[in-house]
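Quick look at run-v7.pdb (PDB, C-alpha atoms):
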ATOM      1  CA  MET A   1       0.000   0.000   0.000
ATOM      2  CA  ASN A   2       2.896   2.381   0.700
ATOM      3  CA  ASP A   3       4.242   1.935  -2.847
ATOM      4  CA  LYS A   4       0.770   2.531  -4.256
ATOM      5  CA  LEU A   5       0.352   5.674  -2.179
ATOM      6  CA  LYS A   6       3.697   7.034  -3.404
ATOM      7  CA  LYS A   7       2.677   6.275  -6.980
ATOM      8  CA  LEU A   8      -0.613   8.142  -6.562
ATOM      9  CA  HIS A   9       1.197  11.129  -5.066
ATOM     10  CA  THR A  10       3.589  11.192  -8.043
ATOM     11  CA  GLN A  11       0.744  10.954 -10.562
ATOM     12  CA  TYR A  12      -1.118  13.742  -8.827
ATOM     13  CA  LYS A  13       1.889  16.081  -8.815
ATOM     14  CA  ASP A  14       2.593  15.435 -12.516
ATOM     15  CA  ILE A  15      -0.873  16.452 -13.718
ATOM     16  CA  PRO A  16      -0.698  19.797 -15.611
ATOM     17  CA  ILE A  17      -3.171  22.483 -14.567
ATOM     18  CA  PRO A  18      -4.964  24.077 -17.549
ATOM     19  CA  GLN A  19      -3.751  27.633 -18.192
ATOM     20  CA  GLU A  20      -7.254  29.095 -17.895
ATOM     21  CA  LEU A  21      -7.797  27.403 -14.534
ATOM     22  CA  GLU A  22      -4.424  28.600 -13.304
ATOM     23  CA  MET A  23      -5.379  32.169 -14.235
ATOM     24  CA  MET A  24      -8.719  31.789 -12.477
ATOM     25  CA  ILE A  25      -7.077  30.521  -9.301
ATOM     26  CA  GLU A  26      -4.495  33.293  -9.391
ATOM     27  CA  LYS A  27      -7.252  35.880  -9.831
ATOM     28  CA  ASN A  28      -9.543  34.630  -7.082
ATOM     29  CA  LEU A  29      -7.116  33.203  -4.539
ATOM     30  CA  GLN A  30      -4.568  35.903  -3.784
ATOM     31  CA  ARG A  31      -3.294  34.493  -0.502
ATOM     32  CA  PRO A  32      -1.459  31.255   0.326
ATOM     33  CA  PRO A  33      -3.488  28.447   1.911
ATOM     34  CA  LYS A  34      -3.190  27.758   5.619
ATOM     35  CA  LYS A  35      -1.487  24.450   6.242
ATOM     36  CA  ARG A  36      -2.863  22.172   8.889
ATOM     37  CA  LYS A  37      -2.053  18.737  10.103
ATOM     38  CA  ARG A  38      -4.372  15.802   9.716
ATOM     39  CA  LYS A  39      -3.986  12.203  10.746
ATOM     40  CA  LEU A  40      -5.688   9.576   8.588
ATOM     41  CA  PRO A  41      -5.549   5.813   8.713
ATOM     42  CA  LEU A  42      -3.115   4.653   6.016
ATOM     43  CA  PHE A  43      -5.753   2.870   3.944
ATOM     44  CA  LEU A  44      -8.038   5.886   3.908
ATOM     45  CA  THR A  45      -5.111   8.162   3.139
ATOM     46  CA  SER A  46      -4.572   6.087   0.004
ATOM     47  CA  VAL A  47      -8.251   6.284  -0.895
ATOM     48  CA  ALA A  48      -8.260  10.033  -0.305
ATOM     49  CA  VAL A  49      -5.255  10.519  -2.587
ATOM     50  CA  ALA A  50      -6.965   8.475  -5.282
ATOM     51  CA  ALA A  51     -10.033  10.655  -4.860
ATOM     52  CA  ILE A  52      -7.931  13.800  -5.127
ATOM     53  CA  LEU A  53      -7.233  12.754  -8.701
ATOM     54  CA  PHE A  54     -10.904  13.474  -9.236
ATOM     55  CA  THR A  55     -10.368  17.132  -8.394
ATOM     56  CA  VAL A  56      -7.390  18.084 -10.504
ATOM     57  CA  GLY A  57      -8.289  19.110 -13.759
ATOM     58  CA  LEU A  58      -9.375  17.193 -19.874
ATOM     59  CA  ASN A  59     -10.771  15.307 -22.389
ATOM     60  CA  THR A  60      -9.531  12.591 -24.925
ATOM     61  CA  ASN A  61     -12.302  10.131 -24.205
ATOM     62  CA  PRO A  62     -11.589   6.395 -24.544
ATOM     63  CA  ALA A  63     -13.746   4.324 -26.872
ATOM     64  CA  MET A  64     -15.661   3.112 -23.870
ATOM     65  CA  ALA A  65     -16.909   6.559 -22.915
ATOM     66  CA  LYS A  66     -20.295   7.667 -24.176
ATOM     67  CA  ASN A  67     -21.615  11.164 -24.737
ATOM     68  CA  LEU A  68     -25.125  11.913 -23.534
ATOM     69  CA  ALA A  69     -27.201  14.887 -24.671
ATOM     70  CA  ASP A  70     -30.402  16.661 -23.680
ATOM     71  CA  VAL A  71     -29.706  16.567 -19.956
ATOM     72  CA  PRO A  72     -32.325  18.635 -18.078
ATOM     73  CA  VAL A  73     -31.449  22.292 -17.657
ATOM     74  CA  ILE A  74     -30.186  23.240 -14.196
ATOM     75  CA  GLY A  75     -30.120  26.981 -14.673
ATOM     76  CA  GLN A  76     -31.595  29.735 -16.798
ATOM     77  CA  VAL A  77     -28.193  31.153 -17.766
ATOM     78  CA  VAL A  78     -25.697  28.516 -16.700
ATOM     79  CA  LYS A  79     -26.828  24.939 -17.285
ATOM     80  CA  VAL A  80     -25.566  21.421 -17.897
ATOM     81  CA  LEU A  81     -25.900  20.486 -21.556
ATOM     82  CA  THR A  82     -23.954  17.233 -21.778
ATOM     83  CA  PHE A  83     -21.798  14.974 -19.719
ATOM     84  CA  THR A  84     -19.504  12.032 -20.392
ATOM     85  CA  GLU A  85     -20.045   8.747 -18.628
ATOM     86  CA  TYR A  86     -17.407   6.069 -18.082
ATOM     87  CA  GLU A  87     -18.675   2.605 -17.204
ATOM     88  CA  MET A  88     -17.114  -0.802 -16.690
ATOM     89  CA  VAL A  89     -18.081  -4.075 -15.057
ATOM     90  CA  LYS A  90     -15.273  -6.621 -14.880
ATOM     91  CA  ASP A  91     -15.620  -9.571 -12.518
ATOM     92  CA  GLU A  92     -15.927  -8.028  -9.052
ATOM     93  CA  TYR A  93     -14.845  -4.566 -10.193
ATOM     94  CA  THR A  94     -17.270  -1.831 -11.249
ATOM     95  CA  VAL A  95     -16.937   1.830 -12.139
ATOM     96  CA  ASP A  96     -19.511   4.476 -13.038
ATOM     97  CA  ILE A  97     -18.222   8.015 -13.517
ATOM     98  CA  GLN A  98     -20.505  10.842 -14.636
ATOM     99  CA  VAL A  99     -18.740  14.022 -15.693
ATOM    100  CA  PRO A 100     -20.753  17.272 -15.794
ATOM    101  CA  GLN A 101     -20.284  19.943 -18.426
ATOM    102  CA  ILE A 102     -21.547  23.474 -17.799
ATOM    103  CA  SER A 103     -22.863  25.685 -20.570
ATOM    104  CA  GLY A 104     -21.365  29.137 -20.989
ATOM    105  CA  SER A 105     -18.454  30.746 -22.798
ATOM    106  CA  SER A 106     -16.507  32.532 -20.067
ATOM    107  CA  ALA A 107     -12.907  31.636 -19.249
ATOM    108  CA  ASP A 108     -13.965  30.391 -15.819
ATOM    109  CA  ILE A 109     -16.566  27.977 -17.196
ATOM    110  CA  GLU A 110     -14.300  26.738 -19.981
ATOM    111  CA  ALA A 111     -11.570  26.078 -17.421
ATOM    112  CA  LEU A 112     -13.986  24.242 -15.119
ATOM    113  CA  ASN A 113     -15.256  22.058 -17.962
ATOM    114  CA  GLU A 114     -11.701  21.240 -18.951
ATOM    115  CA  LYS A 115     -10.922  20.389 -15.349
ATOM    116  CA  TYR A 116     -13.990  18.156 -14.924
ATOM    117  CA  ALA A 117     -13.246  16.263 -18.150
ATOM    118  CA  GLN A 118      -9.675  15.524 -17.124
ATOM    119  CA  GLU A 119     -10.752  14.546 -13.623
ATOM    120  CA  GLY A 120     -13.186  11.957 -14.950
ATOM    121  CA  LYS A 121     -10.652  10.535 -17.386
ATOM    122  CA  LEU A 122      -7.934  10.326 -14.732
ATOM    123  CA  LEU A 123     -10.246   8.660 -12.230
ATOM    124  CA  TYR A 124     -11.256   6.083 -14.848
ATOM    125  CA  GLU A 125      -7.661   5.390 -15.860
ATOM    126  CA  GLN A 126      -6.651   5.064 -12.201
ATOM    127  CA  PHE A 127      -9.458   2.561 -11.634
ATOM    128  CA  LYS A 128      -8.211   0.416 -14.530
ATOM    129  CA  THR A 129      -4.665   0.537 -13.160
ATOM    130  CA  ASP A 130      -5.805  -0.365  -9.639
ATOM    131  CA  ILE A 131      -7.802  -3.438 -10.648
ATOM    132  CA  GLU A 132      -4.882  -4.730 -12.727
ATOM    133  CA  GLU A 133      -2.673  -4.526  -9.644
ATOM    134  CA  MET A 134      -5.183  -6.107  -7.237
ATOM    135  CA  GLU A 135      -4.637  -9.828  -6.761
ATOM    136  CA  ALA A 136      -8.084 -10.503  -5.307
ATOM    137  CA  GLY A 137     -11.094  -8.838  -3.777
ATOM    138  CA  ASN A 138     -13.517  -6.310  -5.179
ATOM    139  CA  MET A 139     -13.562  -2.598  -5.903
ATOM    140  CA  ALA A 140     -16.186  -0.085  -6.934
ATOM    141  CA  VAL A 141     -15.821   3.566  -7.902
ATOM    142  CA  ASN A 142     -18.886   5.760  -8.298
ATOM    143  CA  SER A 143     -18.894   9.461  -9.042
ATOM    144  CA  GLY A 144     -21.383  12.030 -10.191
ATOM    145  CA  TYR A 145     -22.862  15.313  -9.121
ATOM    146  CA  VAL A 146     -25.722  16.696  -7.049
ATOM    147  CA  ILE A 147     -27.298  20.140  -7.341
ATOM    148  CA  LYS A 148     -27.543  22.009  -4.044
ATOM    149  CA  THR A 149     -28.781  25.428  -5.206
ATOM    150  CA  ASP A 150     -30.142  26.705  -8.502
ATOM    151  CA  THR A 151     -31.520  30.243  -8.466
ATOM    152  CA  ASP A 152     -31.513  33.101 -10.947
ATOM    153  CA  GLU A 153     -28.255  34.305  -9.365
ATOM    154  CA  ILE A 154     -26.177  31.278  -8.435
ATOM    155  CA  LEU A 155     -25.612  27.607  -9.133
ATOM    156  CA  SER A 156     -24.045  25.435  -6.429
ATOM    157  CA  PHE A 157     -23.439  21.775  -7.139
ATOM    158  CA  GLY A 158     -21.270  19.076  -5.620
ATOM    159  CA  ARG A 159     -19.196  16.476  -7.423
ATOM    160  CA  TYR A 160     -18.662  13.301  -5.420
ATOM    161  CA  VAL A 161     -16.440  10.251  -5.539
ATOM    162  CA  GLU A 162     -17.158   7.092  -3.570
ATOM    163  CA  VAL A 163     -14.463   4.409  -3.485
ATOM    164  CA  ILE A 164     -15.354   1.013  -2.048
ATOM    165  CA  VAL A 165     -12.565  -1.435  -1.239
ATOM    166  CA  ALA A 166     -13.606  -3.598   1.737
ATOM    167  CA  SER A 167     -14.930  -0.378   3.317
ATOM    168  CA  SER A 168     -15.968   2.858   1.659
ATOM    169  CA  SER A 169     -14.697   6.423   1.590
ATOM    170  CA  SER A 170     -16.317   9.474  -0.005
ATOM    171  CA  VAL A 171     -15.247  12.957  -0.997
ATOM    172  CA  MET A 172     -17.355  15.860  -2.222
ATOM    173  CA  GLN A 173     -16.130  18.962  -4.020
ATOM    174  CA  TYR A 174     -18.512  21.886  -4.440
ATOM    175  CA  THR A 175     -18.538  24.501  -7.181
ATOM    176  CA  THR A 176     -20.519  27.734  -6.958
ATOM    177  CA  ILE A 177     -21.066  29.942 -10.005
ATOM    178  CA  ASP A 178     -22.460  33.429 -10.512
ATOM    179  CA  LYS A 179     -24.814  32.555 -13.363
ATOM    180  CA  GLN A 180     -25.178  36.057 -14.762
ATOM    181  CA  ALA A 181     -21.450  36.820 -14.797
ATOM    182  CA  GLU A 182     -20.497  33.186 -15.572
ATOM    183  CA  THR A 183     -17.719  33.331 -12.985
ATOM    184  CA  ALA A 184     -16.691  30.927 -10.254
ATOM    185  CA  ILE A 185     -17.238  32.136  -6.702
ATOM    186  CA  THR A 186     -14.416  31.228  -4.324
ATOM    187  CA  LEU A 187     -14.525  31.436  -0.548
ATOM    188  CA  PRO A 188     -11.869  34.210  -0.340
ATOM    189  CA  SER A 189     -13.748  36.272  -2.931
ATOM    190  CA  LEU A 190     -16.696  36.592  -0.527
ATOM    191  CA  PHE A 191     -14.668  38.422   2.118
ATOM    192  CA  LYS A 192     -12.718  41.653   2.565
ATOM    193  CA  ASP A 193      -9.681  39.914   4.037
ATOM    194  CA  ASP A 194      -8.630  36.660   5.691
ATOM    195  CA  ARG A 195     -10.275  37.369   9.047
ATOM    196  CA  TYR A 196     -13.095  35.039   7.985
ATOM    197  CA  VAL A 197     -10.806  32.027   8.465
ATOM    198  CA  GLU A 198     -10.488  32.617  12.208
ATOM    199  CA  ILE A 199     -14.137  33.667  12.642
ATOM    200  CA  ILE A 200     -15.502  30.552  10.936
ATOM    201  CA  SER A 201     -12.939  28.233  12.533
ATOM    202  CA  ARG A 202     -13.735  29.317  16.077
ATOM    203  CA  TYR A 203     -17.486  29.086  15.450
ATOM    204  CA  LEU A 204     -17.087  25.573  14.073
ATOM    205  CA  GLU A 205     -14.935  24.484  16.989
ATOM    206  CA  ASP A 206     -17.578  25.669  19.464
ATOM    207  CA  GLU A 207     -20.382  24.115  17.412
ATOM    208  CA  MET A 208     -18.611  20.756  17.146
ATOM    209  CA  ARG A 209     -18.015  20.719  20.896
ATOM    210  CA  ARG A 210     -21.639  21.678  21.571
ATOM    211  CA  LYS A 211     -22.923  18.847  19.381
ATOM    212  CA  MET A 212     -20.663  16.287  21.051
ATOM    213  CA  ILE A 213     -21.921  17.283  24.486
ATOM    214  CA  GLU A 214     -25.554  17.503  23.365
ATOM    215  CA  THR A 215     -25.488  14.029  21.781
ATOM    216  CA  LYS A 216     -23.276  12.537  24.519
ATOM    217  CA  GLY A 217     -20.724  11.442  21.982
ATOM    218  CA  ASP A 218     -23.091  10.069  19.339
ATOM    219  CA  GLU A 219     -21.732  12.838  17.140
ATOM    220  CA  MET A 220     -17.959  13.092  17.356
ATOM    221  CA  TYR A 221     -15.518  15.664  16.017
ATOM    222  CA  TRP A 222     -11.824  16.309  16.418
ATOM    223  CA  VAL A 223     -12.080  19.032  19.037
ATOM    224  CA  GLY A 224     -10.939  18.932  22.646
ATOM    225  CA  GLY A 225     -12.763  19.856  25.805
ATOM    226  CA  THR A 226     -15.046  16.827  26.077
ATOM    227  CA  GLU A 227     -14.681  13.335  27.518
ATOM    228  CA  TRP A 228     -15.237  11.772  24.087
ATOM    229  CA  HIS A 229     -12.317  13.393  22.274
ATOM    230  CA  ASP A 230      -9.472  11.104  21.219
ATOM    231  CA  GLU A 231      -6.382  13.123  20.262
ATOM    232  CA  SER A 232      -4.765  10.090  18.619
ATOM    233  CA  PHE A 233      -7.010  10.651  15.593
ATOM    234  CA  GLY A 234      -6.186  14.333  15.182
ATOM    235  CA  VAL A 235      -7.190  17.799  16.282
ATOM    236  CA  PHE A 236      -9.334  20.230  14.314
ATOM    237  CA  GLU A 237      -7.163  23.313  13.765
ATOM    238  CA  GLY A 238      -9.535  25.336  11.609
ATOM    239  CA  ILE A 239     -10.623  25.697   8.018
ATOM    240  CA  SER A 240      -8.325  26.459   5.114
ATOM    241  CA  PRO A 241      -8.788  29.740   3.198
ATOM    242  CA  GLU A 242     -10.241  27.709   0.299
ATOM    243  CA  GLN A 243     -12.373  25.389   2.442
ATOM    244  CA  ASN A 244     -15.033  23.428   0.588
ATOM    245  CA  PHE A 245     -18.377  25.280   0.669
ATOM    246  CA  TYR A 246     -21.666  25.957  -1.035
ATOM    247  CA  ILE A 247     -24.353  28.631  -0.767
ATOM    248  CA  THR A 248     -27.967  27.730  -0.028
ATOM    249  CA  GLU A 249     -31.037  29.076  -1.823
ATOM    250  CA  ALA A 250     -31.621  31.323   1.191
ATOM    251  CA  GLY A 251     -28.118  32.784   0.808
ATOM    252  CA  LYS A 252     -26.490  30.989   3.735
ATOM    253  CA  LEU A 253     -22.863  29.866   3.693
ATOM    254  CA  VAL A 254     -22.391  26.146   4.321
ATOM    255  CA  ILE A 255     -18.926  24.792   5.133
ATOM    256  CA  SER A 256     -18.305  21.168   4.155
ATOM    257  CA  PHE A 257     -15.776  18.565   5.318
ATOM    258  CA  ASP A 258     -14.913  15.237   3.727
ATOM    259  CA  GLU A 259     -14.685  12.029   5.720
ATOM    260  CA  TYR A 260     -11.845  12.111   8.268
ATOM    261  CA  GLU A 261     -11.233  15.811   7.668
ATOM    262  CA  ALA A 262     -12.877  17.058  10.866
ATOM    263  CA  ALA A 263     -14.473  13.949  12.343
ATOM    264  CA  PRO A 264     -14.155  10.142  12.506
ATOM    265  CA  GLY A 265     -15.159   8.191   9.423
ATOM    266  CA  PHE A 266     -18.519   7.035  10.775
ATOM    267  CA  MET A 267     -19.667  10.680  10.680
ATOM    268  CA  GLY A 268     -19.318  10.677   6.896
ATOM    269  CA  LEU A 269     -19.396  14.006   5.055
ATOM    270  CA  VAL A 270     -20.266  16.738   7.540
ATOM    271  CA  THR A 271     -21.571  20.256   6.894
ATOM    272  CA  PHE A 272     -22.223  23.331   9.008
ATOM    273  CA  GLU A 273     -24.318  26.379   8.144
ATOM    274  CA  ILE A 274     -22.607  29.575   9.281
ATOM    275  CA  PRO A 275     -24.813  32.350  10.741
ATOM    276  CA  THR A 276     -24.596  35.399   8.482
ATOM    277  CA  GLU A 277     -24.468  37.771  11.450
ATOM    278  CA  LEU A 278     -21.082  36.326  12.396
ATOM    279  CA  LEU A 279     -19.722  37.174   8.958
ATOM    280  CA  GLN A 280     -21.367  40.530   8.314
ATOM    281  CA  ASP A 281     -18.374  42.718   9.225
ATOM    282  CA  VAL A 282     -15.999  40.841   6.906
ATOM    283  CA  LEU A 283     -18.282  40.174   3.931
ATOM    284  CA  VAL A 284     -17.537  42.140   0.760
ATOM    285  CA  SER A 285     -21.293  42.511   0.270
ATOM    286  CA  ASN A 286     -24.562  40.656   0.764
ATOM    287  CA  LYS A 287     -24.924  39.842  -2.916
ATOM    288  CA  TYR A 288     -24.478  36.115  -2.299
ATOM    289  CA  ILE A 289     -24.496  35.685   1.498
ATOM    290  CA  LYS A 290     -27.637  37.110   3.074
TER     291      LYS A 290
END

Please, can you express the file's structure as structure tokens?
Amino acid sequence: MNDKLKKLHTQYKDIPIPQELEMMIEKNLQRPPKKRKRKLPLFLTSVAVAAILFTVGLNTNPAMAKNLADVPVIGQVVKVLTFTEYEMVKDEYTVDIQVPQISGSSADIEALNEKYAQEGKLLYEQFKTDIEEMEAGNMAVNSGYVIKTDTDEILSFGRYVEVIVASSSSVMQYTTIDKQAETAITLPSLFKDDRYVEIISRYLEDEMRRKMIETKGDEMYWVGGTEWHDESFGVFEGISPEQNFYITEAGKLVISFDEYEAAPGFMGLVTFEIPTELLQDVLVSNKYIK
């Protein structure tokens, strides 16, 4: 497993980022990310790295891929027109990868579509490599997308990957788009400066602790101050400046964590809605967050 993990790390680092996406990131993320330590079980670290390949960034479809058209519209200005689906069933190994494609002609949307296409292809190719290397057992990879918010102003949708090898692990990556401007909305772009990182982090820490006490440990998170906390699994140190998020139809900011990112695996993907009043002083405006 160690050799496989090193191989996945190398593959991930060697993937080129499309120029348009690089420009978009440079434009919207003008500050370095905050580094924080996380402890994951080795197996799930490997699964997480494999899943990261889903969020890197283009097309050259294999003969097995099929193009589907006339997908229902998910927005009046920005919508999904087509997606590519990769499928395979081989003995005890199955894969089903649905890749969204957003309509629009802006640089941001073109870069996102390029990114999604490469992600799907890489995930499919990695699946084929993995099953060739497995001596026995079974493996399933499923990925697709779910729409969280679709209003006249914004589109928020999440792209997920579920990897099942003996046990399962899931990741979800959200994208939020200003439909009129056809631009991607990043977490830093919502705020005047980086004070939001500390504000949200401290709120989440208190909220996680409150939930642990309220449920008597039925809900568990990696925060101290309760009898149920186990530091051997890690300590929640706060969100990153680019933390995964989406915006609800009511204009509320929701912060999202993948499995093992802020809580034990049995908690799955966890989300927290952030009260707008906590953010008001640092918001650029109330255009998106209300």

Practice problem: Run the PyMOL selection byres ((chain A and resi 250) around 10) against the file shown and list the residues it catches, as an MDAnalysis selection string. | Solution: chainID A and resid 149 151 247:249 251:253 288:290

Quiz item: A:Ser143, A:Thr271, A:Gln243, A:Thr186: which is nearest Met208 (chain A), counting all atoms listed in the file?
Solution: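 Using all atoms listed in the file, the shortest distance to Met208 (chain A) belongs to A:Thr271.
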
Quiz item: In Å, with one decimal, what is the gap from CA of Thr176 (chain A) to CA of Tyr246 (chain A)?
Solution: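 CA of Tyr246 (chain A) lies at a distance of 6.3 Å from CA of Thr176 (chain A).
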
Practice problem: Go through A:Lys287, A:Lys148, A:Arg159, A:Lys90 and flag the residue nearest Gly120 (chain A), using all atoms listed in the file for the distances. | Solution: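 Among the listed residues, the smallest separation from Gly120 (chain A) belongs to A:Arg159.
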
Practice problem: Report as JSON, numbers by chain the residues that result from applying the PyMOL selection byres ((chain A and resi 170) around 10) to the structure here. | Solution: {"A": [44, 47, 48, 51, 141, 142, 143, 160, 161, 162, 163, 164, 168, 169, 171, 172, 258, 259, 260, 265, 268, 269]}

Quiz item: Which residue gives the smallest distance to Pro264 (chain A) among A:Phe245, A:Phe157, A:Tyr86, A:Phe236, with all atoms listed in the file counted?
Solution: A:Phe236

Quiz item: Skipping near chain neighbours, those fewer than 5 positions away, what residues fall within 9 Å of Glu153 (chain A) using all atoms listed in the file, listed as JSON, numbers by chain?
Solution: {"A": [77, 177, 178, 179, 180, 288]}
